[in-house]
Structure formats: structure tokens, C-alpha cells
file upload-v6.cif (mmCIF, C-alpha atoms)
data_data
#
loop_
_atom_site.label_atom_id
_atom_site.label_comp_id
_atom_site.auth_asym_id
_atom_site.auth_seq_id
_atom_site.Cartn_x
_atom_site.Cartn_y
_atom_site.Cartn_z
CA MET Q 189 28.99 -20.48 -101.40
CA ASP Q 190 31.71 -19.74 -98.82
CA LEU Q 191 30.86 -16.40 -97.19
CA ARG Q 192 33.81 -16.31 -94.79
CA PRO Q 193 36.22 -14.27 -96.99
CA TYR Q 194 33.55 -11.61 -97.47
CA PHE Q 195 31.53 -11.82 -94.24
CA ASP Q 196 32.99 -8.78 -92.43
CA GLU Q 197 32.57 -6.54 -95.48
CA LEU Q 198 29.03 -7.77 -96.13
CA GLU Q 199 28.04 -7.24 -92.52
CA ARG Q 200 29.43 -3.68 -92.44
CA PHE Q 201 27.71 -2.93 -95.75
CA ALA Q 202 24.34 -4.28 -94.54
CA ASP Q 203 24.58 -2.38 -91.21
CA GLY Q 204 25.49 0.94 -92.90
CA GLN Q 205 28.83 1.14 -91.09
CA MET Q 206 30.93 2.00 -94.14
CA SER Q 207 32.09 5.52 -94.90
CA PRO Q 208 30.68 7.12 -98.08
CA ALA Q 209 33.91 6.34 -99.94
CA GLU Q 210 33.92 2.72 -98.78
CA GLN Q 211 30.23 2.46 -99.67
CA ASP Q 212 30.78 3.66 -103.24
CA ALA Q 213 33.83 1.42 -103.70
CA PHE Q 214 31.97 -1.61 -102.41
CA GLU Q 215 28.97 -1.00 -104.67
CA LEU Q 216 31.33 -0.70 -107.65
CA ARG Q 217 32.93 -4.02 -106.70
CA LEU Q 218 29.50 -5.62 -106.52
CA GLU Q 219 28.99 -4.68 -110.17
CA GLN Q 220 32.40 -5.94 -111.28
CA ASP Q 221 33.26 -8.87 -109.00
CA GLU Q 222 31.00 -11.84 -109.70
CA ALA Q 223 32.22 -13.79 -106.64
CA LEU Q 224 31.49 -10.84 -104.37
CA ALA Q 225 28.07 -10.40 -105.96
CA ASP Q 226 27.29 -14.08 -105.37
CA ALA Q 227 28.45 -13.80 -101.77
CA HIS Q 228 26.26 -10.73 -101.27
CA ALA Q 229 23.23 -12.54 -102.67
CA ALA Q 230 23.93 -15.55 -100.44
CA TYR Q 231 24.34 -13.29 -97.40
CA GLU Q 232 21.00 -11.55 -98.11
CA GLN Q 233 19.28 -14.93 -98.47
CA LEU Q 234 20.87 -16.18 -95.25
CA THR Q 235 19.73 -13.15 -93.24
CA ALA Q 236 16.24 -13.39 -94.76
CA ASP Q 237 16.06 -17.09 -93.79
CA LEU Q 238 17.18 -16.30 -90.25
CA ARG Q 239 14.53 -13.60 -89.90
CA TRP Q 240 11.87 -15.99 -91.19
CA ALA Q 241 12.97 -18.75 -88.81
CA ALA Q 242 12.92 -16.35 -85.85
CA GLY Q 243 9.44 -15.12 -86.74
CA HIS Q 244 8.17 -18.69 -87.24
CA ASP Q 245 9.49 -19.79 -83.87
CA ALA Q 246 8.04 -16.72 -82.15
CA LEU Q 247 4.61 -17.47 -83.65
CA ARG Q 248 4.79 -21.08 -82.47
CA LEU Q 249 5.62 -19.98 -78.93
CA ARG Q 250 2.80 -17.42 -78.91
CA LEU Q 251 0.29 -20.04 -80.06
CA GLN Q 252 1.53 -22.48 -77.43
CA ALA Q 253 1.22 -19.82 -74.71
CA LEU Q 254 -2.32 -18.99 -75.88
CA ASP Q 255 -3.28 -22.66 -75.75
CA ASP Q 256 -1.87 -22.96 -72.22
CA ARG Q 257 -3.86 -19.92 -71.09
CA MET Q 258 -7.06 -21.33 -72.56
CA ASN Q 259 -6.48 -24.61 -70.72
CA GLU Q 260 -5.86 -22.75 -67.47
CA ARG Q 261 -9.03 -20.71 -67.98
CA GLY Q 262 -11.08 -23.84 -68.61
CA THR Q 263 -9.71 -25.45 -65.43
CA ALA Q 264 -10.43 -22.30 -63.41
CA LEU Q 265 -14.02 -22.13 -64.71
CA ALA Q 266 -14.62 -25.80 -63.90
CA ARG Q 267 -13.20 -25.30 -60.41
CA ALA Q 268 -15.39 -22.24 -59.86
CA HIS Q 269 -18.48 -24.14 -61.02
CA HIS Q 270 -17.66 -27.04 -58.70
CA LEU Q 271 -17.19 -24.69 -55.76
CA THR Q 272 -20.53 -23.01 -56.50
CA GLN Q 273 -22.33 -26.38 -56.47
CA ARG Q 274 -20.72 -27.35 -53.18
CA ARG Q 275 -21.72 -24.02 -51.68
CA GLN Q 276 -25.33 -24.45 -52.78
CA ARG Q 277 -25.53 -27.95 -51.26
CA ARG Q 278 -24.03 -26.67 -48.05
CA TRP Q 279 -26.63 -23.90 -47.83
CA ALA Q 280 -29.40 -26.46 -48.38
CA VAL Q 281 -28.12 -28.66 -45.53
CA TRP Q 282 -27.17 -25.90 -43.16
CA GLY Q 283 -29.96 -23.44 -43.74
CA THR Q 284 -29.38 -21.87 -40.36
CA LEU Q 285 -25.86 -20.90 -41.39
CA GLY Q 286 -26.92 -19.35 -44.71
CA ALA Q 287 -26.87 -15.80 -43.46
CA VAL Q 288 -23.40 -16.22 -41.98
CA LEU Q 289 -22.04 -17.76 -45.17
CA LEU Q 290 -23.61 -14.99 -47.28
CA LEU Q 291 -21.97 -12.38 -45.12
CA ALA Q 292 -18.61 -14.17 -45.40
CA ALA Q 293 -18.96 -14.37 -49.18
CA GLY Q 294 -19.76 -10.66 -49.29
CA VAL Q 295 -16.66 -9.83 -47.26
CA ALA Q 296 -14.52 -12.09 -49.47
CA THR Q 297 -15.94 -10.49 -52.62
CA TRP Q 298 -15.18 -6.99 -51.30
CA TYR Q 299 -11.66 -8.04 -50.36
CA LEU Q 300 -10.92 -9.53 -53.79
CA ALA Q 301 -12.54 -6.67 -55.71
CA ARG Q 302 -11.13 -3.81 -53.63
CA PRO Q 303 -9.15 -1.26 -55.66
CA THR Q 304 -5.40 -1.75 -55.52
CA GLN Q 305 -2.66 0.57 -56.60
CA ALA Q 306 -1.53 -0.38 -60.08
CA ARG Q 307 2.14 -1.12 -60.45
CA PRO Q 308 3.79 1.17 -62.99
CA ALA Q 309 5.07 -0.32 -66.22
CA ARG Q 310 8.84 -0.80 -66.13
CA ASN Q 311 9.43 -1.10 -69.87
CA TRP Q 312 11.27 1.87 -71.39
CA GLU Q 313 8.99 1.82 -74.44
CA ALA Q 314 5.98 2.60 -72.22
CA TYR Q 315 7.55 5.99 -71.42
CA TYR Q 316 9.54 6.74 -74.58
CA GLN Q 317 8.62 9.84 -76.61
CA PRO Q 318 10.15 9.29 -80.07
CA ASP Q 319 11.49 12.08 -82.27
CA PRO Q 320 10.02 11.79 -85.79
CA GLY Q 321 12.84 13.93 -87.19
CA PRO Q 322 12.51 16.71 -89.78
CA ALA Q 323 9.60 16.51 -92.19
CA VAL Q 324 10.40 15.21 -95.66
CA THR Q 325 9.38 18.20 -97.76
CA THR Q 326 9.64 18.82 -101.48
CA GLY Q 327 12.45 21.26 -100.82
CA LEU Q 328 14.40 18.68 -98.82
CA LEU Q 329 13.93 16.11 -101.59
CA HIS Q 330 15.49 18.50 -104.09
CA THR Q 331 18.31 19.92 -101.98
CA ARG Q 332 19.34 16.85 -99.92
CA PRO Q 333 17.79 13.73 -101.49
CA LEU Q 334 19.92 11.23 -99.52
CA LEU Q 335 18.89 12.78 -96.20
CA ALA Q 336 15.25 12.85 -97.34
CA GLU Q 337 15.48 9.15 -98.23
CA ALA Q 338 16.96 8.26 -94.83
CA LEU Q 339 14.30 10.26 -92.97
CA ASP Q 340 11.47 8.73 -95.00
CA GLN Q 341 12.73 5.21 -94.22
CA TYR Q 342 13.17 6.09 -90.52
CA GLN Q 343 9.67 7.55 -90.24
CA SER Q 344 8.28 4.43 -91.96
CA GLY Q 345 9.95 2.18 -89.38
CA HIS Q 346 12.58 0.76 -91.75
CA TYR Q 347 15.51 1.43 -89.43
CA PRO Q 348 18.24 -0.74 -91.04
CA ALA Q 349 17.53 0.83 -94.43
CA ALA Q 350 17.48 4.30 -92.87
CA LEU Q 351 20.90 3.70 -91.28
CA HIS Q 352 22.23 2.50 -94.61
CA SER Q 353 20.97 5.61 -96.41
CA LEU Q 354 22.20 7.90 -93.64
CA GLY Q 355 25.70 6.50 -94.05
CA ARG Q 356 25.78 8.02 -97.54
CA VAL Q 357 24.89 11.53 -96.36
CA SER Q 358 27.80 14.00 -96.23
CA ALA Q 359 28.37 15.81 -92.95
CA THR Q 360 29.20 19.00 -94.87
CA SER Q 361 25.64 19.27 -96.15
CA VAL Q 362 23.86 18.46 -92.88
CA GLY Q 363 26.21 18.95 -89.95
CA ALA Q 364 28.22 16.39 -88.03
CA ASP Q 365 26.18 16.68 -84.81
CA THR Q 366 22.90 16.29 -86.70
CA LEU Q 367 24.15 13.11 -88.38
CA LEU Q 368 25.33 11.72 -85.03
CA TYR Q 369 21.98 12.53 -83.44
CA LEU Q 370 19.96 10.91 -86.25
CA ARG Q 371 22.14 7.80 -86.21
CA GLY Q 372 21.75 7.51 -82.43
CA MET Q 373 17.95 7.76 -82.68
CA MET Q 374 17.79 5.17 -85.46
CA LEU Q 375 19.94 2.72 -83.49
CA LEU Q 376 17.78 3.27 -80.41
CA ARG Q 377 14.58 2.51 -82.35
CA GLN Q 378 16.29 -0.58 -83.78
CA GLY Q 379 16.88 -1.86 -80.24
CA GLN Q 380 20.64 -1.21 -80.17
CA GLY Q 381 20.80 0.91 -77.02
CA ASN Q 382 24.51 0.30 -76.42
CA ALA Q 383 25.48 1.46 -79.92
CA ALA Q 384 23.09 4.43 -79.76
CA GLN Q 385 24.83 5.72 -76.63
CA LEU Q 386 28.10 6.29 -78.51
CA TYR Q 387 26.50 8.79 -80.88
CA LEU Q 388 24.04 10.46 -78.52
CA ARG Q 389 26.69 10.97 -75.84
CA ARG Q 390 28.94 12.78 -78.31
CA VAL Q 391 26.15 15.18 -79.25
CA SER Q 392 25.14 15.90 -75.66
CA ASP Q 393 28.80 16.37 -74.61
CA ASP Q 394 30.28 18.10 -77.66
CA SER Q 395 27.40 20.49 -78.41
CA ALA Q 396 26.86 23.62 -76.36
CA ALA Q 397 25.08 22.69 -73.16
CA SER Q 398 22.25 25.10 -73.98
CA SER Q 399 21.75 23.98 -77.60
CA ALA Q 400 18.40 22.48 -78.57
CA LEU Q 401 20.10 19.49 -80.21
CA ALA Q 402 22.10 18.71 -77.06
CA ARG Q 403 18.91 18.82 -74.98
CA ARG Q 404 17.16 16.43 -77.35
CA ALA Q 405 20.15 14.08 -77.46
CA ARG Q 406 20.35 14.02 -73.64
CA TYR Q 407 16.81 12.64 -73.36
CA HIS Q 408 17.37 9.92 -75.97
CA LEU Q 409 20.69 9.06 -74.29
CA GLY Q 410 18.84 8.42 -71.03
CA MET Q 411 16.39 6.13 -72.83
CA ALA Q 412 19.29 4.33 -74.57
CA TYR Q 413 20.81 3.65 -71.13
CA TRP Q 414 17.45 2.29 -69.96
CA GLN Q 415 17.06 0.11 -73.07
CA ALA Q 416 20.54 -1.34 -72.42
CA GLN Q 417 19.54 -2.02 -68.76
CA GLU Q 418 22.10 0.52 -67.48
CA LEU Q 419 19.58 1.81 -64.97
CA ALA Q 420 21.82 4.00 -62.80
CA PRO Q 421 23.05 6.29 -65.63
CA ALA Q 422 19.54 6.23 -67.12
CA PHE Q 423 18.14 7.58 -63.85
CA VAL Q 424 20.79 10.31 -63.52
CA THR Q 425 20.41 11.43 -67.16
CA LEU Q 426 16.61 11.52 -67.11
CA CYS Q 427 16.62 13.40 -63.80
CA ALA Q 428 18.78 16.06 -65.48
CA VAL Q 429 16.32 16.26 -68.39
CA ALA Q 430 13.39 16.50 -65.97
CA ALA Q 431 15.11 19.45 -64.24
CA ASP Q 432 15.80 21.30 -67.51
CA SER Q 433 12.91 23.74 -68.07
CA LEU Q 434 13.97 24.29 -71.70
CA SER Q 435 14.08 20.63 -72.69
CA PRO Q 436 11.29 19.61 -75.09
CA TYR Q 437 11.29 16.22 -73.34
CA ARG Q 438 10.98 17.55 -69.80
CA ALA Q 439 7.40 16.28 -69.32
CA SER Q 440 8.31 12.81 -70.58
CA ALA Q 441 11.37 12.60 -68.33
CA ARG Q 442 9.40 13.86 -65.32
CA ARG Q 443 6.83 11.12 -65.91
CA VAL Q 444 9.61 8.50 -65.67
CA VAL Q 445 11.02 10.06 -62.49
CA ALA Q 446 7.58 10.41 -60.90
CA ALA Q 447 6.71 6.78 -61.69
CA GLY Q 448 9.72 5.63 -59.67
CA VAL Q 449 10.59 2.89 -62.16
CA LEU Q 450 14.32 3.71 -61.90
CA ASP Q 451 14.45 4.73 -58.23
CA GLY Q 452 17.16 3.19 -56.12
CA GLN Q 453 19.17 2.04 -59.15
#

call {"tool": "encode", "arguments": {"input": "upload-v6.cif", "output": "C-alpha cells"}}
result
Amino acid sequence: MDLRPYFDELERFADGQMSPAEQDAFELRLEQDEALADAHAAYEQLTADLRWAAGHDALRLRLQALDDRMNERGTALARAHHLTQRRQRRWAVWGTLGAVLLLAAGVATWYLARPTQARPARNWEAYYQPDPGPAVTTGLLHTRPLLAEALDQYQSGHYPAALHSLGRVSATSVGADTLLYLRGMMLLRQGQGNAAQLYLRRVSDDSAASSALARRARYHLGMAYWQAQELAPAFVTLCAVAADSLSPYRASARRVVAAGVLDGQ
């Protein structure tokens, strides 16, 4: 099956990048156009195969790394045992030097076991405070079922499906800024920091500076910068959040600033 004539459309459909009108038109074509339906099925199978292959390769690498660590541990234990035997023979031959060697071993043990300052984790996920979004209540299911579906998928960790469902939600029923904010959070959790910035920046810039939504978006924007390895804007943005006494993410941002993981960037 040749996917090339349909690839762009299939990719936009799978990523939830179509407008509601485009989404409905495409789904209608899937029901009526057999060639498009076959291409869609082939595309889904291809992406599923790619995900399986990536997971299989990752498992192989993890097992290989574990085997290497076990070999290294065995070598280290054998070396330690050999060194212990040599030390015991040396004490037997040089009994007069036993006290000196014991003192040296004690000093070496203290030096190796002395407390050292732990280096802070530099991964953004170690500091990230996620937003679970609004609770999916019975009332929300009845009044805005598409939004409830998107939130349920997001809270379950199914971010691609959540983005797809969110693309079908009308801005008139939820609010344009709210939709932008939710899309930015979902992209961030999916690991697409660069794409998430586009939506979160619009909310933090277009909303009133004192609005609760703008404050929330500003924190997630800083983490999206960090995820995308844009450390300088991440530092500036999170410093602003840390200085905002009304931000619900102030404590989380202050922890990043205090850890110094973005200092000097």
C-alpha cells in the first residue's frame, strides 16, 4: 500500500492537528473512501510496528547494560578479595607494621566513606509539578463530553489520544485560552517541549498578567523551555514564577532556582 499520497493527512489526523471541520470531513472520507481507509489502516500498523521495534531495541540495550554491570561487579568483588588476601599475608610477614597498616586502612576508610554533598538532579522531570487539569465529574460528562473525554485520557497518561480528543472541542464552549493551555500541557507531557511553548507562551502573553491561568501557563512554559534544552529562557521564566507570590507553582519554581541546576545558563 502506497502511503505517500495520504501521509500528510494521516499524520495530521493522528497528531490531532486538524480543525474540528477538517476532523469531521476526514472521518467521513474514511467511511466512504476505501483507498483512504486502507491507507489509514496501513499507517496505524506502521506506527504500531515502529513503536514495537523501538521498545524491543530499548529492552535489548537495557539487558546488555545490566549484564555489563554484573560483569563489572564480579570483577570488582574478585579484585577486592584478592587485595584482602594480599593484605593478610603482608600482616603475617610484617607483624611489626600491623598497627601502622591498620591505622592507614582506618584513615582510607574514613576518607572514602566521608559524607559528600550530593549533586542535584539536572533532569527537568525531577522538579516538574504536573497539573492534573479539571476533575472529570458527572456534570462535565453531561455538559461537555468531548472535553471530559480529553481530560480523562490526559489524566490516564494517554497523551496522543487526549490531544486528538481535545482537537474536537469547540473554543466557544470552553474558552480559547483554556484550550491553548491544555494543549500546551499535553504536548509537554508527551515530550514535545518545543511545540508546547507555542501554546503556553500565547496564554502567558495574551491573558491578563494577573490571571490565574497566565500564572499557571508561565510555570509550564519555563519547564517546556527546560525540556527543549533552552536553558537560558527556562531560567528567566522560572525565576519570574519563583518571585510571584500568587503563583500556585512558586514553591516548585523556587526549588529549581535554589538547586542551581540552571544557574549561569

call {"tool": "residues_around", "arguments": {"input": "upload-v6.cif", "residues": "Q:Val357", "least_positions_apart": "5", "cutoff": "10 Å", "atoms": "all atoms listed in the file", "output": "mmCIF file with C-alpha atoms, in the frame of the given file"}}
result
data_model
loop_
_atom_site.group_PDB
_atom_site.id
_atom_site.type_symbol
_atom_site.label_atom_id
_atom_site.label_comp_id
_atom_site.auth_asym_id
_atom_site.auth_seq_id
_atom_site.Cartn_x
_atom_site.Cartn_y
_atom_site.Cartn_z
ATOM 1 C CA SER Q 207 32.090 5.520 -94.900
ATOM 2 C CA PRO Q 208 30.680 7.120 -98.080
ATOM 3 C CA ARG Q 332 19.340 16.850 -99.920
ATOM 4 C CA PRO Q 333 17.790 13.730 -101.490
ATOM 5 C CA LEU Q 334 19.920 11.230 -99.520
ATOM 6 C CA LEU Q 335 18.890 12.780 -96.200
ATOM 7 C CA ALA Q 336 15.250 12.850 -97.340
ATOM 8 C CA GLU Q 337 15.480 9.150 -98.230
ATOM 9 C CA ALA Q 338 16.960 8.260 -94.830
ATOM 10 C CA HIS Q 352 22.230 2.500 -94.610
ATOM 11 C CA VAL Q 362 23.860 18.460 -92.880
ATOM 12 C CA GLY Q 363 26.210 18.950 -89.950
ATOM 13 C CA LEU Q 367 24.150 13.110 -88.380
#

call {"tool": "closest_residue", "arguments": {"input": "upload-v6.cif", "among": "Q:Ala209, Q:Val429, Q:Leu191, Q:Leu354", "to": "Q:Ala225", "atoms": "all atoms listed in the file"}}
result
Q:Leu191

call {"tool": "resolve_selection", "arguments": {"input": "upload-v6.cif", "expression": "the PyMOL selection byres ((chain Q and resi 416) around 8)", "output": "ChimeraX atom specification"}}
result
/Q:380-382,412-415,417-418

call {"tool": "atom_distance", "arguments": {"input": "upload-v6.cif", "atom1": "atom CA of Q:Ala430", "atom2": "atom CA of Q:Arg442"}}
result
4.8 Å

call {"tool": "residues_around", "arguments": {"input": "upload-v6.cif", "residues": "Q:Ala422", "least_positions_apart": "2", "cutoff": "12 Å", "atoms": "only C-alpha atoms", "output": "number ranges by chain"}}
result
Q: 312, 381, 385, 406-420, 424-429, 441, 444-445, 449-453

call {"tool": "atom_distance", "arguments": {"input": "upload-v6.cif", "atom1": "atom CA of Q:Glu199", "atom2": "atom CA of Q:Ala359"}}
result
23.1 Å

call {"tool": "closest_residue", "arguments": {"input": "upload-v6.cif", "among": "Q:Glu197, Q:Asp432, Q:Asp319, Q:Asp340", "to": "Q:Gly372", "atoms": "only C-alpha atoms"}}
result
Q:Asp319

call {"tool": "atom_distance", "arguments": {"input": "upload-v6.cif", "atom1": "atom CA of Q:Arg377", "atom2": "atom CA of Q:Tyr342"}}
result
9.0 Å

call {"tool": "closest_residue", "arguments": {"input": "upload-v6.cif", "among": "Q:Thr263, Q:Gln276, Q:Thr326, Q:Thr235", "to": "Q:Leu289", "atoms": "only C-alpha atoms"}}
result
Q:Gln276

call {"tool": "closest_residue", "arguments": {"input": "upload-v6.cif", "among": "Q:Gly345, Q:Leu285, Q:Leu401, Q:Gln273", "to": "Q:Asp365", "atoms": "all atoms listed in the file"}}
result
Q:Leu401

call {"tool": "resolve_selection", "arguments": {"input": "upload-v6.cif", "expression": "the PyMOL selection byres ((chain Q and resi 190) around 12)", "output": "CSV table (one decimal) with C-alpha atoms, keeping the file's coordinate frame"}}
result
chain,number,residue,atom,x,y,z
Q,189,MET,CA,29.0,-20.5,-101.4
Q,191,LEU,CA,30.9,-16.4,-97.2
Q,192,ARG,CA,33.8,-16.3,-94.8
Q,193,PRO,CA,36.2,-14.3,-97.0
Q,194,TYR,CA,33.6,-11.6,-97.5
Q,195,PHE,CA,31.5,-11.8,-94.2
Q,223,ALA,CA,32.2,-13.8,-106.6
Q,224,LEU,CA,31.5,-10.8,-104.4
Q,226,ASP,CA,27.3,-14.1,-105.4
Q,227,ALA,CA,28.4,-13.8,-101.8
Q,228,HIS,CA,26.3,-10.7,-101.3
Q,229,ALA,CA,23.2,-12.5,-102.7
Q,230,ALA,CA,23.9,-15.6,-100.4
Q,231,TYR,CA,24.3,-13.3,-97.4
Q,234,LEU,CA,20.9,-16.2,-95.2

call {"tool": "closest_residue", "arguments": {"input": "upload-v6.cif", "among": "Q:Met374, Q:Leu388, Q:Leu271, Q:Ser433", "to": "Q:Gly321", "atoms": "all atoms listed in the file"}}
result
Q:Met374

call {"tool": "closest_residue", "arguments": {"input": "upload-v6.cif", "among": "Q:Leu375, Q:Arg443, Q:Arg404, Q:His346", "to": "Q:Tyr387", "atoms": "all atoms listed in the file"}}
result
Q:Leu375

call {"tool": "residues_around", "arguments": {"input": "upload-v6.cif", "residues": "Q:Phe201", "least_positions_apart": "5", "cutoff": "9 Å", "atoms": "all atoms listed in the file", "output": "list in words"}}
result
Asp196, Met206, Glu210, Gln211, Phe214 and His352 of chain Q

call {"tool": "decode", "arguments": {"input": "upload-v6.cif", "residues": "stretch 370-381 of chain Q", "atoms": "all heavy atoms", "output": "PDB file, in the first residue's frame"}}
result
ATOM      1  N   LEU Q 370      -4.416  23.706  27.879  1.00  0.00           N
ATOM      2  CA  LEU Q 370      -4.496  22.240  27.958  1.00  0.00           C
ATOM      3  C   LEU Q 370      -3.649  21.578  26.876  1.00  0.00           C
ATOM      4  O   LEU Q 370      -2.953  20.586  27.126  1.00  0.00           O
ATOM      5  CB  LEU Q 370      -5.957  21.791  27.840  1.00  0.00           C
ATOM      6  CG  LEU Q 370      -6.867  22.142  29.014  1.00  0.00           C
ATOM      7  CD1 LEU Q 370      -8.304  21.767  28.702  1.00  0.00           C
ATOM      8  CD2 LEU Q 370      -6.405  21.431  30.285  1.00  0.00           C
ATOM      9  N   ARG Q 371      -3.685  22.130  25.659  1.00  0.00           N
ATOM     10  CA  ARG Q 371      -2.883  21.556  24.586  1.00  0.00           C
ATOM     11  C   ARG Q 371      -1.389  21.674  24.908  1.00  0.00           C
ATOM     12  O   ARG Q 371      -0.614  20.741  24.673  1.00  0.00           O
ATOM     13  CB  ARG Q 371      -3.207  22.250  23.258  1.00  0.00           C
ATOM     14  CG  ARG Q 371      -2.457  21.649  22.066  1.00  0.00           C
ATOM     15  CD  ARG Q 371      -2.956  22.230  20.755  1.00  0.00           C
ATOM     16  NE  ARG Q 371      -4.307  21.782  20.467  1.00  0.00           N
ATOM     17  CZ  ARG Q 371      -4.592  20.621  19.906  1.00  0.00           C
ATOM     18  NH1 ARG Q 371      -3.621  19.782  19.565  1.00  0.00           N
ATOM     19  NH2 ARG Q 371      -5.841  20.267  19.674  1.00  0.00           N
ATOM     20  N   GLY Q 372      -0.984  22.827  25.451  1.00  0.00           N
ATOM     21  CA  GLY Q 372       0.421  23.004  25.816  1.00  0.00           C
ATOM     22  C   GLY Q 372       0.868  22.007  26.871  1.00  0.00           C
ATOM     23  O   GLY Q 372       1.950  21.419  26.777  1.00  0.00           O
ATOM     24  N   MET Q 373       0.026  21.777  27.891  1.00  0.00           N
ATOM     25  CA  MET Q 373       0.373  20.803  28.934  1.00  0.00           C
ATOM     26  C   MET Q 373       0.482  19.394  28.369  1.00  0.00           C
ATOM     27  O   MET Q 373       1.383  18.633  28.723  1.00  0.00           O
ATOM     28  CB  MET Q 373      -0.675  20.820  30.040  1.00  0.00           C
ATOM     29  CG  MET Q 373      -0.571  21.984  30.995  1.00  0.00           C
ATOM     30  SD  MET Q 373      -1.394  21.586  32.551  1.00  0.00           S
ATOM     31  CE  MET Q 373      -3.007  21.056  31.972  1.00  0.00           C
ATOM     32  N   MET Q 374      -0.456  19.042  27.485  1.00  0.00           N
ATOM     33  CA  MET Q 374      -0.438  17.685  26.920  1.00  0.00           C
ATOM     34  C   MET Q 374       0.809  17.465  26.062  1.00  0.00           C
ATOM     35  O   MET Q 374       1.439  16.395  26.104  1.00  0.00           O
ATOM     36  CB  MET Q 374      -1.702  17.450  26.095  1.00  0.00           C
ATOM     37  CG  MET Q 374      -2.971  17.384  26.920  1.00  0.00           C
ATOM     38  SD  MET Q 374      -4.467  17.248  25.888  1.00  0.00           S
ATOM     39  CE  MET Q 374      -5.755  17.296  27.134  1.00  0.00           C
ATOM     40  N   LEU Q 375       1.183  18.468  25.281  1.00  0.00           N
ATOM     41  CA  LEU Q 375       2.388  18.350  24.466  1.00  0.00           C
ATOM     42  C   LEU Q 375       3.636  18.252  25.338  1.00  0.00           C
ATOM     43  O   LEU Q 375       4.573  17.500  25.033  1.00  0.00           O
ATOM     44  CB  LEU Q 375       2.489  19.553  23.521  1.00  0.00           C
ATOM     45  CG  LEU Q 375       1.498  19.556  22.351  1.00  0.00           C
ATOM     46  CD1 LEU Q 375       1.481  20.922  21.671  1.00  0.00           C
ATOM     47  CD2 LEU Q 375       1.842  18.484  21.336  1.00  0.00           C
ATOM     48  N   LEU Q 376       3.652  19.011  26.435  1.00  0.00           N
ATOM     49  CA  LEU Q 376       4.787  18.953  27.361  1.00  0.00           C
ATOM     50  C   LEU Q 376       4.926  17.561  27.954  1.00  0.00           C
ATOM     51  O   LEU Q 376       6.024  16.989  27.989  1.00  0.00           O
ATOM     52  CB  LEU Q 376       4.592  19.982  28.477  1.00  0.00           C
ATOM     53  CG  LEU Q 376       5.632  19.995  29.600  1.00  0.00           C
ATOM     54  CD1 LEU Q 376       7.013  20.317  29.056  1.00  0.00           C
ATOM     55  CD2 LEU Q 376       5.243  20.983  30.678  1.00  0.00           C
ATOM     56  N   ARG Q 377       3.805  16.961  28.402  1.00  0.00           N
ATOM     57  CA  ARG Q 377       3.866  15.628  28.985  1.00  0.00           C
ATOM     58  C   ARG Q 377       4.216  14.576  27.940  1.00  0.00           C
ATOM     59  O   ARG Q 377       4.718  13.506  28.276  1.00  0.00           O
ATOM     60  CB  ARG Q 377       2.514  15.272  29.632  1.00  0.00           C
ATOM     61  CG  ARG Q 377       2.121  16.156  30.799  1.00  0.00           C
ATOM     62  CD  ARG Q 377       3.162  16.208  31.913  1.00  0.00           C
ATOM     63  NE  ARG Q 377       3.448  14.899  32.456  1.00  0.00           N
ATOM     64  CZ  ARG Q 377       2.721  14.309  33.407  1.00  0.00           C
ATOM     65  NH1 ARG Q 377       1.676  14.927  33.913  1.00  0.00           N
ATOM     66  NH2 ARG Q 377       3.049  13.120  33.866  1.00  0.00           N
ATOM     67  N   GLN Q 378       3.961  14.873  26.662  1.00  0.00           N
ATOM     68  CA  GLN Q 378       4.292  13.946  25.585  1.00  0.00           C
ATOM     69  C   GLN Q 378       5.755  14.075  25.171  1.00  0.00           C
ATOM     70  O   GLN Q 378       6.241  13.315  24.338  1.00  0.00           O
ATOM     71  CB  GLN Q 378       3.367  14.193  24.391  1.00  0.00           C
ATOM     72  CG  GLN Q 378       3.324  13.054  23.384  1.00  0.00           C
ATOM     73  CD  GLN Q 378       2.332  13.309  22.257  1.00  0.00           C
ATOM     74  OE1 GLN Q 378       1.694  14.355  22.218  1.00  0.00           O
ATOM     75  NE2 GLN Q 378       2.207  12.382  21.347  1.00  0.00           N
ATOM     76  N   GLY Q 379       6.472  15.044  25.769  1.00  0.00           N
ATOM     77  CA  GLY Q 379       7.879  15.225  25.439  1.00  0.00           C
ATOM     78  C   GLY Q 379       8.135  16.157  24.282  1.00  0.00           C
ATOM     79  O   GLY Q 379       9.232  16.185  23.742  1.00  0.00           O
ATOM     80  N   GLN Q 380       7.128  16.955  23.889  1.00  0.00           N
ATOM     81  CA  GLN Q 380       7.280  17.891  22.779  1.00  0.00           C
ATOM     82  C   GLN Q 380       7.365  19.319  23.321  1.00  0.00           C
ATOM     83  O   GLN Q 380       6.453  20.138  23.150  1.00  0.00           O
ATOM     84  CB  GLN Q 380       6.109  17.751  21.803  1.00  0.00           C
ATOM     85  CG  GLN Q 380       5.986  16.359  21.193  1.00  0.00           C
ATOM     86  CD  GLN Q 380       4.913  16.288  20.128  1.00  0.00           C
ATOM     87  OE1 GLN Q 380       4.729  17.224  19.356  1.00  0.00           O
ATOM     88  NE2 GLN Q 380       4.206  15.179  20.092  1.00  0.00           N
ATOM     89  N   GLY Q 381       8.490  19.600  24.008  1.00  0.00           N
ATOM     90  CA  GLY Q 381       8.661  20.900  24.642  1.00  0.00           C
ATOM     91  C   GLY Q 381       8.618  22.060  23.670  1.00  0.00           C
ATOM     92  O   GLY Q 381       8.067  23.116  23.977  1.00  0.00           O
TER      93      GLY Q 381
END
